[in-house]
>>> print(open('work-v8.cif').read())   # mmCIF, N, CA and C atoms
data_start
loop_
_atom_site.label_atom_id
_atom_site.label_comp_id
_atom_site.auth_asym_id
_atom_site.auth_seq_id
_atom_site.Cartn_x
_atom_site.Cartn_y
_atom_site.Cartn_z
N MET A 1 91.07 201.31 66.14
CA MET A 1 90.95 202.70 66.51
C MET A 1 89.58 202.92 67.15
N ALA A 2 89.56 203.62 68.23
CA ALA A 2 88.31 203.89 68.94
C ALA A 2 87.44 204.84 68.14
N SER A 3 86.14 204.58 68.13
CA SER A 3 85.26 205.46 67.37
C SER A 3 84.93 206.67 68.21
N LEU A 4 84.84 207.80 67.58
CA LEU A 4 84.57 209.07 68.24
C LEU A 4 83.13 209.46 68.01
N ASP A 5 82.44 209.85 69.06
CA ASP A 5 81.08 210.34 68.91
C ASP A 5 81.13 211.83 68.64
N ILE A 6 80.89 212.20 67.38
CA ILE A 6 80.97 213.61 67.02
C ILE A 6 79.59 214.24 66.92
N SER A 7 78.57 213.52 67.36
CA SER A 7 77.22 214.05 67.24
C SER A 7 76.97 215.21 68.18
N GLN A 8 77.81 215.38 69.22
CA GLN A 8 77.62 216.47 70.17
C GLN A 8 78.32 217.75 69.75
N LEU A 9 79.07 217.73 68.67
CA LEU A 9 79.75 218.93 68.22
C LEU A 9 78.75 219.92 67.63
N ARG A 10 78.80 221.12 68.11
CA ARG A 10 77.91 222.17 67.61
C ARG A 10 78.74 223.42 67.32
N ASN A 11 78.23 224.26 66.45
CA ASN A 11 78.89 225.51 66.07
C ASN A 11 80.31 225.29 65.57
N VAL A 12 80.48 224.28 64.76
CA VAL A 12 81.78 223.98 64.19
C VAL A 12 81.87 224.65 62.84
N SER A 13 83.00 225.31 62.60
CA SER A 13 83.11 226.08 61.36
C SER A 13 83.63 225.26 60.19
N SER A 14 84.25 224.14 60.44
CA SER A 14 84.82 223.35 59.36
C SER A 14 83.73 222.54 58.65
N GLU A 15 83.63 222.68 57.36
CA GLU A 15 82.65 221.96 56.56
C GLU A 15 82.93 220.45 56.56
N VAL A 16 84.20 220.07 56.64
CA VAL A 16 84.58 218.66 56.65
C VAL A 16 84.03 217.99 57.92
N ILE A 17 84.13 218.65 59.06
CA ILE A 17 83.63 218.08 60.30
C ILE A 17 82.11 218.00 60.27
N ARG A 18 81.45 219.02 59.72
CA ARG A 18 79.98 218.97 59.62
C ARG A 18 79.53 217.82 58.73
N ASN A 19 80.22 217.62 57.61
CA ASN A 19 79.86 216.49 56.73
C ASN A 19 80.12 215.16 57.41
N ALA A 20 81.19 215.06 58.18
CA ALA A 20 81.48 213.83 58.91
C ALA A 20 80.40 213.58 59.95
N GLU A 21 79.93 214.63 60.59
CA GLU A 21 78.87 214.48 61.58
C GLU A 21 77.60 213.97 60.92
N LYS A 22 77.25 214.53 59.76
CA LYS A 22 76.04 214.09 59.07
C LYS A 22 76.17 212.64 58.60
N THR A 23 77.36 212.24 58.21
CA THR A 23 77.57 210.88 57.72
C THR A 23 77.55 209.87 58.85
N ASN A 24 78.15 210.19 59.98
CA ASN A 24 78.33 209.21 61.06
C ASN A 24 77.32 209.32 62.18
N SER A 25 76.56 210.39 62.22
CA SER A 25 75.64 210.60 63.33
C SER A 25 74.36 209.80 63.13
N ARG A 26 73.84 209.24 64.21
CA ARG A 26 72.58 208.52 64.15
C ARG A 26 71.41 209.48 64.05
N VAL A 27 71.63 210.74 64.41
CA VAL A 27 70.57 211.73 64.31
C VAL A 27 70.29 212.05 62.84
N TYR A 28 71.34 212.24 62.07
CA TYR A 28 71.18 212.55 60.66
C TYR A 28 71.01 211.31 59.80
N ASN A 29 71.59 210.21 60.22
CA ASN A 29 71.69 209.02 59.38
C ASN A 29 70.98 207.85 60.06
N VAL A 30 69.69 207.97 60.23
CA VAL A 30 68.91 207.01 61.00
C VAL A 30 68.89 205.63 60.35
N LEU A 31 68.79 205.57 59.04
CA LEU A 31 68.64 204.29 58.35
C LEU A 31 69.96 203.66 57.94
N GLY A 32 71.06 204.26 58.32
CA GLY A 32 72.35 203.67 57.98
C GLY A 32 72.93 204.32 56.74
N ASP A 33 73.64 203.54 55.97
CA ASP A 33 74.37 204.04 54.81
C ASP A 33 73.40 204.55 53.75
N SER A 34 73.52 205.83 53.40
CA SER A 34 72.62 206.40 52.40
C SER A 34 73.01 206.00 50.99
N LYS A 35 74.18 205.42 50.81
CA LYS A 35 74.61 204.98 49.48
C LYS A 35 73.82 203.76 49.03
N ALA A 36 73.22 203.06 49.97
CA ALA A 36 72.45 201.86 49.63
C ALA A 36 71.19 202.20 48.86
N GLY A 37 70.68 203.39 49.02
CA GLY A 37 69.51 203.81 48.27
C GLY A 37 68.21 203.59 49.02
N ASN A 38 67.15 204.14 48.47
CA ASN A 38 65.85 204.05 49.12
C ASN A 38 65.28 202.64 49.11
N ASP A 39 65.62 201.85 48.09
CA ASP A 39 65.11 200.48 48.03
C ASP A 39 65.61 199.66 49.22
N GLU A 40 66.89 199.81 49.56
CA GLU A 40 67.45 199.06 50.68
C GLU A 40 66.87 199.56 52.00
N SER A 41 66.64 200.86 52.11
CA SER A 41 66.06 201.41 53.34
C SER A 41 64.65 200.87 53.54
N PHE A 42 63.86 200.89 52.49
CA PHE A 42 62.50 200.36 52.59
C PHE A 42 62.53 198.87 52.88
N LYS A 43 63.45 198.17 52.25
CA LYS A 43 63.57 196.73 52.45
C LYS A 43 63.90 196.41 53.91
N SER A 44 64.81 197.18 54.50
CA SER A 44 65.18 196.92 55.89
C SER A 44 64.03 197.25 56.84
N ILE A 45 63.31 198.33 56.58
CA ILE A 45 62.16 198.69 57.42
C ILE A 45 61.06 197.65 57.28
N PHE A 46 60.79 197.22 56.05
CA PHE A 46 59.74 196.24 55.81
C PHE A 46 60.08 194.90 56.46
N SER A 47 61.34 194.49 56.37
CA SER A 47 61.72 193.21 56.99
C SER A 47 61.62 193.30 58.51
N ALA A 48 61.91 194.46 59.09
CA ALA A 48 61.75 194.62 60.54
C ALA A 48 60.28 194.55 60.93
N VAL A 49 59.41 195.12 60.12
CA VAL A 49 57.98 195.07 60.40
C VAL A 49 57.46 193.64 60.31
N VAL A 50 57.88 192.91 59.29
CA VAL A 50 57.46 191.52 59.14
C VAL A 50 57.96 190.68 60.32
N GLU A 51 59.19 190.92 60.75
CA GLU A 51 59.73 190.20 61.90
C GLU A 51 58.93 190.52 63.17
N ASN A 52 58.54 191.77 63.32
CA ASN A 52 57.73 192.18 64.47
C ASN A 52 56.38 191.47 64.45
N ILE A 53 55.75 191.39 63.31
CA ILE A 53 54.45 190.71 63.19
C ILE A 53 54.60 189.22 63.49
N ASN A 54 55.66 188.60 62.99
CA ASN A 54 55.89 187.18 63.26
C ASN A 54 56.12 186.92 64.75
N THR A 55 56.85 187.81 65.41
CA THR A 55 57.07 187.68 66.85
C THR A 55 55.77 187.81 67.61
N THR A 56 54.96 188.78 67.21
CA THR A 56 53.65 188.98 67.85
C THR A 56 52.79 187.74 67.69
N ASN A 57 52.75 187.18 66.49
CA ASN A 57 51.96 185.96 66.26
C ASN A 57 52.47 184.80 67.10
N ALA A 58 53.79 184.69 67.25
CA ALA A 58 54.35 183.60 68.05
C ALA A 58 53.95 183.75 69.52
N TYR A 59 54.00 184.96 70.06
CA TYR A 59 53.61 185.17 71.45
C TYR A 59 52.11 184.92 71.65
N LEU A 60 51.30 185.33 70.69
CA LEU A 60 49.86 185.06 70.79
C LEU A 60 49.58 183.56 70.76
N SER A 61 50.30 182.85 69.91
CA SER A 61 50.14 181.40 69.82
C SER A 61 50.58 180.72 71.11
N ASP A 62 51.70 181.18 71.68
CA ASP A 62 52.17 180.62 72.95
C ASP A 62 51.15 180.84 74.06
N ALA A 63 50.56 182.03 74.10
CA ALA A 63 49.56 182.32 75.12
C ALA A 63 48.33 181.43 74.95
N GLU A 64 47.93 181.23 73.72
CA GLU A 64 46.77 180.37 73.45
C GLU A 64 47.07 178.93 73.85
N ASN A 65 48.27 178.46 73.55
CA ASN A 65 48.65 177.10 73.94
C ASN A 65 48.67 176.94 75.45
N GLU A 66 49.19 177.94 76.17
CA GLU A 66 49.20 177.87 77.63
C GLU A 66 47.78 177.87 78.19
N GLU A 67 46.89 178.65 77.59
CA GLU A 67 45.49 178.65 78.03
C GLU A 67 44.85 177.28 77.83
N ILE A 68 45.12 176.67 76.69
CA ILE A 68 44.54 175.36 76.40
C ILE A 68 45.08 174.31 77.38
N LYS A 69 46.41 174.35 77.64
CA LYS A 69 46.99 173.41 78.59
C LYS A 69 46.36 173.57 79.97
N TRP A 70 46.17 174.81 80.39
CA TRP A 70 45.61 175.06 81.71
C TRP A 70 44.15 174.63 81.77
N ALA A 71 43.39 174.90 80.70
CA ALA A 71 41.97 174.54 80.66
C ALA A 71 41.78 173.02 80.65
N LEU A 72 42.69 172.30 80.00
CA LEU A 72 42.58 170.84 79.94
C LEU A 72 43.16 170.16 81.18
N GLY A 73 43.76 170.93 82.06
CA GLY A 73 44.32 170.36 83.27
C GLY A 73 45.67 169.73 83.08
N GLN A 74 46.32 170.01 81.95
CA GLN A 74 47.65 169.45 81.70
C GLN A 74 48.72 170.16 82.52
N THR A 75 48.41 171.34 83.00
CA THR A 75 49.34 172.07 83.85
C THR A 75 48.56 172.82 84.92
N GLU A 76 49.19 172.97 86.06
CA GLU A 76 48.58 173.75 87.12
C GLU A 76 49.38 175.03 87.38
N ASN A 77 50.36 175.25 86.57
CA ASN A 77 51.25 176.40 86.74
C ASN A 77 50.62 177.64 86.11
N THR A 78 50.00 178.45 86.94
CA THR A 78 49.37 179.67 86.43
C THR A 78 50.39 180.77 86.17
N HIS A 79 51.58 180.60 86.73
CA HIS A 79 52.64 181.59 86.52
C HIS A 79 53.03 181.64 85.04
N ASP A 80 53.26 180.49 84.42
CA ASP A 80 53.60 180.45 82.99
C ASP A 80 52.46 181.01 82.14
N LEU A 81 51.24 180.71 82.54
CA LEU A 81 50.07 181.24 81.82
C LEU A 81 50.04 182.76 81.90
N ALA A 82 50.25 183.29 83.09
CA ALA A 82 50.24 184.75 83.26
C ALA A 82 51.35 185.42 82.47
N ILE A 83 52.53 184.82 82.46
CA ILE A 83 53.66 185.39 81.70
C ILE A 83 53.36 185.36 80.21
N ALA A 84 52.85 184.26 79.71
CA ALA A 84 52.53 184.15 78.29
C ALA A 84 51.46 185.15 77.88
N LEU A 85 50.44 185.32 78.72
CA LEU A 85 49.38 186.29 78.42
C LEU A 85 49.91 187.72 78.44
N GLN A 86 50.79 188.04 79.38
CA GLN A 86 51.35 189.39 79.45
C GLN A 86 52.26 189.67 78.26
N LYS A 87 53.08 188.70 77.87
CA LYS A 87 53.94 188.87 76.68
C LYS A 87 53.08 189.11 75.45
N ALA A 88 52.04 188.32 75.29
CA ALA A 88 51.16 188.46 74.13
C ALA A 88 50.49 189.83 74.13
N SER A 89 50.02 190.26 75.28
CA SER A 89 49.35 191.55 75.38
C SER A 89 50.29 192.70 75.06
N THR A 90 51.50 192.65 75.61
CA THR A 90 52.47 193.72 75.39
C THR A 90 52.90 193.80 73.93
N THR A 91 53.20 192.66 73.32
CA THR A 91 53.62 192.69 71.92
C THR A 91 52.49 193.12 71.00
N LEU A 92 51.27 192.73 71.32
CA LEU A 92 50.14 193.16 70.50
C LEU A 92 49.93 194.67 70.61
N GLN A 93 50.04 195.21 71.82
CA GLN A 93 49.92 196.66 71.99
C GLN A 93 51.00 197.40 71.22
N TYR A 94 52.23 196.89 71.26
CA TYR A 94 53.34 197.50 70.53
C TYR A 94 53.09 197.45 69.03
N THR A 95 52.65 196.31 68.53
CA THR A 95 52.38 196.17 67.10
C THR A 95 51.27 197.11 66.66
N ILE A 96 50.23 197.24 67.45
CA ILE A 96 49.13 198.16 67.12
C ILE A 96 49.62 199.60 67.14
N ALA A 97 50.48 199.95 68.09
CA ALA A 97 51.02 201.31 68.15
C ALA A 97 51.86 201.62 66.91
N VAL A 98 52.67 200.66 66.48
CA VAL A 98 53.48 200.85 65.28
C VAL A 98 52.58 201.00 64.06
N ARG A 99 51.53 200.16 63.98
CA ARG A 99 50.60 200.27 62.86
C ARG A 99 49.91 201.62 62.83
N ASP A 100 49.49 202.10 64.00
CA ASP A 100 48.82 203.40 64.06
C ASP A 100 49.75 204.53 63.63
N ARG A 101 51.02 204.46 64.04
CA ARG A 101 51.98 205.49 63.63
C ARG A 101 52.23 205.44 62.12
N ALA A 102 52.30 204.23 61.58
CA ALA A 102 52.51 204.10 60.13
C ALA A 102 51.31 204.63 59.36
N MET A 103 50.11 204.36 59.85
CA MET A 103 48.91 204.87 59.18
C MET A 103 48.83 206.39 59.27
N THR A 104 49.23 206.96 60.40
CA THR A 104 49.25 208.41 60.54
C THR A 104 50.24 209.02 59.57
N ALA A 105 51.41 208.42 59.45
CA ALA A 105 52.42 208.92 58.51
C ALA A 105 51.91 208.81 57.07
N TYR A 106 51.25 207.71 56.75
CA TYR A 106 50.70 207.53 55.40
C TYR A 106 49.65 208.60 55.10
N ARG A 107 48.78 208.87 56.05
CA ARG A 107 47.76 209.90 55.85
C ARG A 107 48.39 211.28 55.64
N GLU A 108 49.42 211.58 56.41
CA GLU A 108 50.11 212.86 56.25
C GLU A 108 50.75 212.98 54.88
N ILE A 109 51.35 211.89 54.42
CA ILE A 109 51.99 211.91 53.10
C ILE A 109 50.96 212.08 52.01
N THR A 110 49.82 211.39 52.13
CA THR A 110 48.81 211.50 51.08
C THR A 110 48.13 212.87 51.06
N GLN A 111 48.17 213.57 52.18
CA GLN A 111 47.55 214.90 52.24
C GLN A 111 48.50 216.02 51.85
N MET A 112 49.77 215.66 51.59
CA MET A 112 50.74 216.69 51.18
C MET A 112 50.38 217.23 49.80
N GLN A 113 50.52 218.52 49.66
CA GLN A 113 50.29 219.13 48.36
C GLN A 113 51.62 219.28 47.64
N ILE A 114 51.59 218.95 46.39
CA ILE A 114 52.82 219.03 45.59
C ILE A 114 52.85 220.32 44.80
#
>>> encode(input="work-v8.cif", output="structure tokens")
Amino acid sequence: MASLDISQLRNVSSEVIRNAEKTNSRVYNVLGDSKAGNDESFKSIFSAVVENINTTNAYLSDAENEEIKWALGQTENTHDLAIALQKASTTLQYTIAVRDRAMTAYREITQMQI
């Protein structure tokens, strides 16, 4: 059966359709199944962050290896060096941006008054 995108439905009077929208919509249900609980949500976010850091480290290592090869004269291909350096730079900028957003969110949470 084809899946229906009901996230665009607005001003619907049926409570059943509104609940279905909240359950199936990516706007309301960003982390997936809410029955899994907060532990699973945190676990999935944390594993994505760790994977992102590992990818960043791999690209930085690749760039460093390409620099060493070029400096030692083992390769004359500056194209691979430039690509490796750009990949490393882009992933590092992305990782820093994610870290900054996480730190901002943490500061906001710690400043909340209960």
>>> atom_distance(input="work-v8.cif", atom1="atom C of Glu76 (chain A)", atom2="atom C of Thr56 (chain A)")
23.7 Å
>>> atom_distance(input="work-v8.cif", atom1="CA of Arg107 (chain A)", atom2="CA of Glu40 (chain A)")
23.1 Å
>>> closest_residue(input="work-v8.cif", among="A:Ile114, A:Ala88, A:Ala48, A:Ile83", to="Leu60 (chain A)", atoms="all atoms listed in the file")
A:Ala88
>>> atom_distance(input="work-v8.cif", atom1="CA of Ala84 (chain A)", atom2="atom N of Ala63 (chain A)")
5.1 Å
>>> residues_around(input="work-v8.cif", residues="Ala58 (chain A)", least_positions_apart="6", cutoff="12 Å", atoms="only C-alpha atoms", output="PyMOL selection string")
chain A and resi 51-52+64-65+84-85+87-89+91-92
